[in-house]
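Everything on this sheet refers to the single structure shown next.
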Amino acid sequence: MSVAASKLRLPTPAEALPGRAEPMVVAARHFVTGAPLQGPFPGLGLGLFALGCFWGAERSFWQTPGVVSTQVGYAGGLTPNPTYQEVCSGLTGHAEVVRVAYDPTRLDYAALLKIFWEAHDPTQGLRQGADVGTQYRSAVFAYDREQRTAAELSRQRYQAELLRAGLGQITTEILDAPSFYFAEDTHQQYLAKNPEGYCGHGGTGVACPIGLPPAGPHR
């Protein structure tokens, strides 16, 4: 399979790179908040989201009051503990993801979903803007049934808003959370370490109605 073709479809188990048993070495503390980076996170909730290049995606979450720690990595594929170069090849099946540890007394999961939907364009399939490939696909990885139900409801409601605005069908996957593999330490909180660094993020400009009461019948 050519490199170009590998970026546009998920690999089979026979095609996937083997990876390695050793996890990525990352810092102990979050570069911005100073909170633990690797966990565990007792008393905190966890969310896991794929919304394109993880540099800008992570910043969208760490800037939110109630978010304690964020980590970037890879999930949803076949290769254990991949490198960034391996993920970019398209031969791991992984998406670039952000894992969010948040204080549930200050922030609820629905608020994270709102950030997720509004921070990217979930109608673009295997790309976000100029970033093309399976690693840039949109996904919500749910840690429990409650998260999955909330994500599915939010997708339904946001789809209605996008159609009303003349935009297309959402391509976001909603799946049970798989293993999370840390990205290299240089990628953690990248835009805080490199304020002028690349950020390919741009939403649709359509607000997500999460947290609002369901619309009643038209009169």
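Chains: A, B, ... in order of the structure tokens. Residues: from 1 per chain. Ligands: from 1, in order shown.
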
When you look at Phe116 of chain A with a cut-off of 10 Å (counting only C-alpha atoms), what residues show up, excluding the ones that are within fewer than 2 positions of it in the same chain? I need them as a VMD selection string.
chain A and resid 48 to 51 57 60 to 61 110 to 114 118 to 122 138 to 140 203 208

Next, dump the selected residues to file, keeping only N, CA and C atoms, as a PDB file, in the first residue's frame.
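Heads up, here's the output in selection-v8.pdb:
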```
ATOM      1  N   LEU A  48     -12.090  11.638  26.146  1.00  0.00           N
ATOM      2  CA  LEU A  48     -11.117  11.325  25.108  1.00  0.00           C
ATOM      3  C   LEU A  48     -11.708  11.696  23.753  1.00  0.00           C
ATOM      4  N   PHE A  49     -11.007  12.590  23.031  1.00  0.00           N
ATOM      5  CA  PHE A  49     -11.565  13.188  21.824  1.00  0.00           C
ATOM      6  C   PHE A  49     -10.525  13.240  20.704  1.00  0.00           C
ATOM      7  N   ALA A  50     -10.987  13.002  19.476  1.00  0.00           N
ATOM      8  CA  ALA A  50     -10.167  13.182  18.280  1.00  0.00           C
ATOM      9  C   ALA A  50     -10.812  14.262  17.429  1.00  0.00           C
ATOM     10  N   LEU A  51     -10.089  15.324  17.148  1.00  0.00           N
ATOM     11  CA  LEU A  51     -10.648  16.437  16.380  1.00  0.00           C
ATOM     12  C   LEU A  51      -9.594  17.112  15.522  1.00  0.00           C
ATOM     13  N   ALA A  57      -6.068  21.300  19.265  1.00  0.00           N
ATOM     14  CA  ALA A  57      -7.171  20.670  19.990  1.00  0.00           C
ATOM     15  C   ALA A  57      -6.906  20.666  21.487  1.00  0.00           C
ATOM     16  N   SER A  60      -7.539  24.025  23.183  1.00  0.00           N
ATOM     17  CA  SER A  60      -8.959  24.337  23.370  1.00  0.00           C
ATOM     18  C   SER A  60      -9.469  23.822  24.709  1.00  0.00           C
ATOM     19  N   PHE A  61      -8.931  22.692  25.140  1.00  0.00           N
ATOM     20  CA  PHE A  61      -9.390  22.108  26.402  1.00  0.00           C
ATOM     21  C   PHE A  61      -8.652  22.673  27.609  1.00  0.00           C
ATOM     22  N   ALA A 110     -20.896  17.329  29.310  1.00  0.00           N
ATOM     23  CA  ALA A 110     -21.580  18.020  28.213  1.00  0.00           C
ATOM     24  C   ALA A 110     -20.815  19.269  27.781  1.00  0.00           C
ATOM     25  N   ALA A 111     -20.180  19.951  28.722  1.00  0.00           N
ATOM     26  CA  ALA A 111     -19.391  21.137  28.379  1.00  0.00           C
ATOM     27  C   ALA A 111     -18.183  20.757  27.535  1.00  0.00           C
ATOM     28  N   LEU A 112     -17.588  19.598  27.823  1.00  0.00           N
ATOM     29  CA  LEU A 112     -16.475  19.128  26.989  1.00  0.00           C
ATOM     30  C   LEU A 112     -16.944  18.797  25.580  1.00  0.00           C
ATOM     31  N   LEU A 113     -18.122  18.211  25.474  1.00  0.00           N
ATOM     32  CA  LEU A 113     -18.675  17.917  24.159  1.00  0.00           C
ATOM     33  C   LEU A 113     -18.905  19.202  23.363  1.00  0.00           C
ATOM     34  N   LYS A 114     -19.353  20.239  24.022  1.00  0.00           N
ATOM     35  CA  LYS A 114     -19.570  21.519  23.343  1.00  0.00           C
ATOM     36  C   LYS A 114     -18.249  22.061  22.783  1.00  0.00           C
ATOM     37  N   GLU A 118     -17.467  22.483  18.649  1.00  0.00           N
ATOM     38  CA  GLU A 118     -17.250  23.838  18.135  1.00  0.00           C
ATOM     39  C   GLU A 118     -15.802  24.113  17.736  1.00  0.00           C
ATOM     40  N   ALA A 119     -14.856  23.271  18.181  1.00  0.00           N
ATOM     41  CA  ALA A 119     -13.442  23.525  17.910  1.00  0.00           C
ATOM     42  C   ALA A 119     -12.965  22.962  16.579  1.00  0.00           C
ATOM     43  N   HIS A 120     -13.834  22.208  15.874  1.00  0.00           N
ATOM     44  CA  HIS A 120     -13.418  21.652  14.580  1.00  0.00           C
ATOM     45  C   HIS A 120     -14.646  21.510  13.685  1.00  0.00           C
ATOM     46  N   ASP A 121     -14.405  21.079  12.462  1.00  0.00           N
ATOM     47  CA  ASP A 121     -15.499  20.818  11.527  1.00  0.00           C
ATOM     48  C   ASP A 121     -15.714  19.312  11.464  1.00  0.00           C
ATOM     49  N   PRO A 122     -16.782  18.803  12.074  1.00  0.00           N
ATOM     50  CA  PRO A 122     -16.976  17.355  12.156  1.00  0.00           C
ATOM     51  C   PRO A 122     -17.588  16.735  10.902  1.00  0.00           C
ATOM     52  N   SER A 138     -12.548  12.584  13.014  1.00  0.00           N
ATOM     53  CA  SER A 138     -13.262  13.081  14.187  1.00  0.00           C
ATOM     54  C   SER A 138     -13.876  11.913  14.951  1.00  0.00           C
ATOM     55  N   ALA A 139     -13.678  11.899  16.275  1.00  0.00           N
ATOM     56  CA  ALA A 139     -14.221  10.799  17.073  1.00  0.00           C
ATOM     57  C   ALA A 139     -14.381  11.226  18.526  1.00  0.00           C
ATOM     58  N   VAL A 140     -15.390  10.666  19.160  1.00  0.00           N
ATOM     59  CA  VAL A 140     -15.554  10.732  20.611  1.00  0.00           C
ATOM     60  C   VAL A 140     -15.403   9.307  21.127  1.00  0.00           C
ATOM     61  N   GLY A 203     -13.372  25.922  13.561  1.00  0.00           N
ATOM     62  CA  GLY A 203     -14.690  25.298  13.610  1.00  0.00           C
ATOM     63  C   GLY A 203     -15.586  25.771  12.484  1.00  0.00           C
ATOM     64  N   CYS A 208     -22.954  24.920  19.331  1.00  0.00           N
ATOM     65  CA  CYS A 208     -23.545  23.636  19.720  1.00  0.00           C
ATOM     66  C   CYS A 208     -24.490  23.863  20.896  1.00  0.00           C
TER      67      CYS A 208
END
```

List every residue of segment 52-197 of chain A that DSSP, applied to the backbone, labels as strand (DSSP E or B), and write the result as a PyMOL selection string.
chain A and resi 67-75+95-102+127-128+131-132+138-142+173-176+181-182

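Closest approach to Thr149 of chain A among A:Leu175, A:Ala27, A:Ala14, A:Leu91 is made by A:Leu175 (distances from only C-alpha atoms).
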
Nearest to His201 of chain A: which of A:Asp131, A:Glu96, A:Glu22, A:Glu86 is it, counting only C-alpha atoms?
A:Asp131

When you count only C-alpha atoms, which of these residues is closest to Val87 of chain A: A:Ala142, A:Ala177, A:Ala101, A:Leu17?
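Comparing A:Ala142, A:Ala177, A:Ala101, A:Leu17 against Val87 of chain A, the winner is A:Leu17.
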
Which of these residues is nearest to Ala75 of chain A, using only C-alpha atoms: A:Leu8, A:Ala207, A:Ala21, A:Ala183?
A:Ala183

Near-Asp185 of chain A list (10 Å; only C-alpha atoms; drop same-chain fewer than 6 positions) as a list in words
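Residues meeting the cut-off are Met24, Val25, Val26, Ala27, Gln71, Val72 and Gly73 of chain A.
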
Expected file contents, prior selection, N, CA and C atoms, as a PDB file, in the first residue's frame:
```pdb
ATOM      1  N   MET A  24       5.688   5.661  25.713  1.00  0.00           N
ATOM      2  CA  MET A  24       6.434   6.878  25.455  1.00  0.00           C
ATOM      3  C   MET A  24       6.827   7.530  26.787  1.00  0.00           C
ATOM      4  N   VAL A  25       8.026   8.075  26.843  1.00  0.00           N
ATOM      5  CA  VAL A  25       8.484   8.790  28.033  1.00  0.00           C
ATOM      6  C   VAL A  25       8.032  10.237  27.930  1.00  0.00           C
ATOM      7  N   VAL A  26       7.259  10.693  28.921  1.00  0.00           N
ATOM      8  CA  VAL A  26       6.767  12.073  28.935  1.00  0.00           C
ATOM      9  C   VAL A  26       7.036  12.694  30.300  1.00  0.00           C
ATOM     10  N   ALA A  27       6.873  14.003  30.376  1.00  0.00           N
ATOM     11  CA  ALA A  27       7.100  14.726  31.630  1.00  0.00           C
ATOM     12  C   ALA A  27       6.110  14.287  32.707  1.00  0.00           C
ATOM     13  N   GLN A  71      -3.652  15.658  27.936  1.00  0.00           N
ATOM     14  CA  GLN A  71      -2.540  14.903  27.364  1.00  0.00           C
ATOM     15  C   GLN A  71      -2.863  14.598  25.909  1.00  0.00           C
ATOM     16  N   VAL A  72      -1.866  14.669  25.046  1.00  0.00           N
ATOM     17  CA  VAL A  72      -2.089  14.288  23.660  1.00  0.00           C
ATOM     18  C   VAL A  72      -1.490  12.919  23.397  1.00  0.00           C
ATOM     19  N   GLY A  73      -2.133  12.207  22.470  1.00  0.00           N
ATOM     20  CA  GLY A  73      -1.657  10.868  22.169  1.00  0.00           C
ATOM     21  C   GLY A  73      -2.377  10.288  20.973  1.00  0.00           C
TER      22      GLY A  73
END
```

Just the helix (DSSP H, G or I) stuff from segment 13-209 of chain A, please, per backbone DSSP, written as a ChimeraX atom specification.
/A:54-62,84-88,109-118,134-136,145-164,185-187,190-193

For the residues in that selection, give me C-alpha atoms as a PDB file, in the first residue's frame.
```
ATOM      1  CA  PHE A  54      -3.838  17.542  18.504  1.00  0.00           C
ATOM      2  CA  TRP A  55      -1.743  20.659  19.043  1.00  0.00           C
ATOM      3  CA  GLY A  56      -4.597  23.131  18.701  1.00  0.00           C
ATOM      4  CA  ALA A  57      -7.171  20.670  19.990  1.00  0.00           C
ATOM      5  CA  GLU A  58      -5.372  20.290  23.301  1.00  0.00           C
ATOM      6  CA  ARG A  59      -5.182  24.044  23.817  1.00  0.00           C
ATOM      7  CA  SER A  60      -8.959  24.337  23.370  1.00  0.00           C
ATOM      8  CA  PHE A  61      -9.390  22.108  26.402  1.00  0.00           C
ATOM      9  CA  TRP A  62      -6.608  23.251  28.758  1.00  0.00           C
ATOM     10  CA  TYR A  84       4.378  10.335  15.551  1.00  0.00           C
ATOM     11  CA  GLN A  85       6.102   9.360  12.311  1.00  0.00           C
ATOM     12  CA  GLU A  86       4.370   5.981  12.364  1.00  0.00           C
ATOM     13  CA  VAL A  87       0.974   7.570  12.920  1.00  0.00           C
ATOM     14  CA  CYS A  88       1.616  10.000  10.057  1.00  0.00           C
ATOM     15  CA  TYR A 109     -19.014  16.198  30.337  1.00  0.00           C
ATOM     16  CA  ALA A 110     -21.580  18.020  28.213  1.00  0.00           C
ATOM     17  CA  ALA A 111     -19.391  21.137  28.379  1.00  0.00           C
ATOM     18  CA  LEU A 112     -16.475  19.128  26.989  1.00  0.00           C
ATOM     19  CA  LEU A 113     -18.675  17.917  24.159  1.00  0.00           C
ATOM     20  CA  LYS A 114     -19.570  21.519  23.343  1.00  0.00           C
ATOM     21  CA  ILE A 115     -15.886  22.414  23.116  1.00  0.00           C
ATOM     22  CA  PHE A 116     -15.269  19.353  20.952  1.00  0.00           C
ATOM     23  CA  TRP A 117     -17.998  20.122  18.409  1.00  0.00           C
ATOM     24  CA  GLU A 118     -17.250  23.838  18.135  1.00  0.00           C
ATOM     25  CA  THR A 134      -7.070   8.875   8.962  1.00  0.00           C
ATOM     26  CA  GLN A 135      -5.174  10.368  11.912  1.00  0.00           C
ATOM     27  CA  TYR A 136      -7.248  13.557  11.546  1.00  0.00           C
ATOM     28  CA  ARG A 145     -22.498   4.297  28.821  1.00  0.00           C
ATOM     29  CA  GLU A 146     -23.408   7.722  30.198  1.00  0.00           C
ATOM     30  CA  GLN A 147     -20.720   9.412  28.129  1.00  0.00           C
ATOM     31  CA  ARG A 148     -21.723   7.493  25.025  1.00  0.00           C
ATOM     32  CA  THR A 149     -25.379   8.437  25.423  1.00  0.00           C
ATOM     33  CA  ALA A 150     -24.452  12.091  25.960  1.00  0.00           C
ATOM     34  CA  ALA A 151     -22.180  12.064  22.908  1.00  0.00           C
ATOM     35  CA  GLU A 152     -24.831  10.499  20.687  1.00  0.00           C
ATOM     36  CA  LEU A 153     -27.450  13.003  21.804  1.00  0.00           C
ATOM     37  CA  SER A 154     -25.051  15.905  21.253  1.00  0.00           C
ATOM     38  CA  ARG A 155     -24.245  14.639  17.748  1.00  0.00           C
ATOM     39  CA  GLN A 156     -27.941  14.494  16.918  1.00  0.00           C
ATOM     40  CA  ARG A 157     -28.561  18.009  18.179  1.00  0.00           C
ATOM     41  CA  TYR A 158     -25.474  19.487  16.549  1.00  0.00           C
ATOM     42  CA  GLN A 159     -26.349  17.837  13.254  1.00  0.00           C
ATOM     43  CA  ALA A 160     -29.653  19.669  13.270  1.00  0.00           C
ATOM     44  CA  GLU A 161     -27.836  22.969  13.813  1.00  0.00           C
ATOM     45  CA  LEU A 162     -25.361  22.264  11.008  1.00  0.00           C
ATOM     46  CA  LEU A 163     -28.117  21.390   8.551  1.00  0.00           C
ATOM     47  CA  ARG A 164     -29.961  24.549   9.516  1.00  0.00           C
ATOM     48  CA  ASP A 185       6.862  14.754  25.095  1.00  0.00           C
ATOM     49  CA  THR A 186       7.592  17.432  22.474  1.00  0.00           C
ATOM     50  CA  HIS A 187       3.924  17.238  21.422  1.00  0.00           C
ATOM     51  CA  TYR A 190       2.930  22.032  22.108  1.00  0.00           C
ATOM     52  CA  LEU A 191       1.380  25.461  21.549  1.00  0.00           C
ATOM     53  CA  ALA A 192       2.307  26.590  25.052  1.00  0.00           C
ATOM     54  CA  LYS A 193       5.909  25.607  24.397  1.00  0.00           C
TER      55      LYS A 193
END
```

For a quick check of understanding, using only C-alpha atoms, which of A:Val98, A:Val32, A:Asp108, A:Tyr181 has the smallest distance to Tyr74 of chain A?
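Counting only C-alpha atoms, the residue closest to Tyr74 of chain A is A:Tyr181.
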
Find, counting only C-alpha atoms, the residue in A:Ser69, A:Thr83, A:Thr123, A:Thr172 that gets nearest to Arg99 of chain A.
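Between A:Ser69, A:Thr83, A:Thr123, A:Thr172, the residue approaching Arg99 of chain A most closely is A:Ser69.
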
Could you state the separation of atom CA of Pro209 of chain A and atom CA of Leu44 of chain A in Å, given to one decimal place?
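Distance between the two atoms: 24.6 Å.
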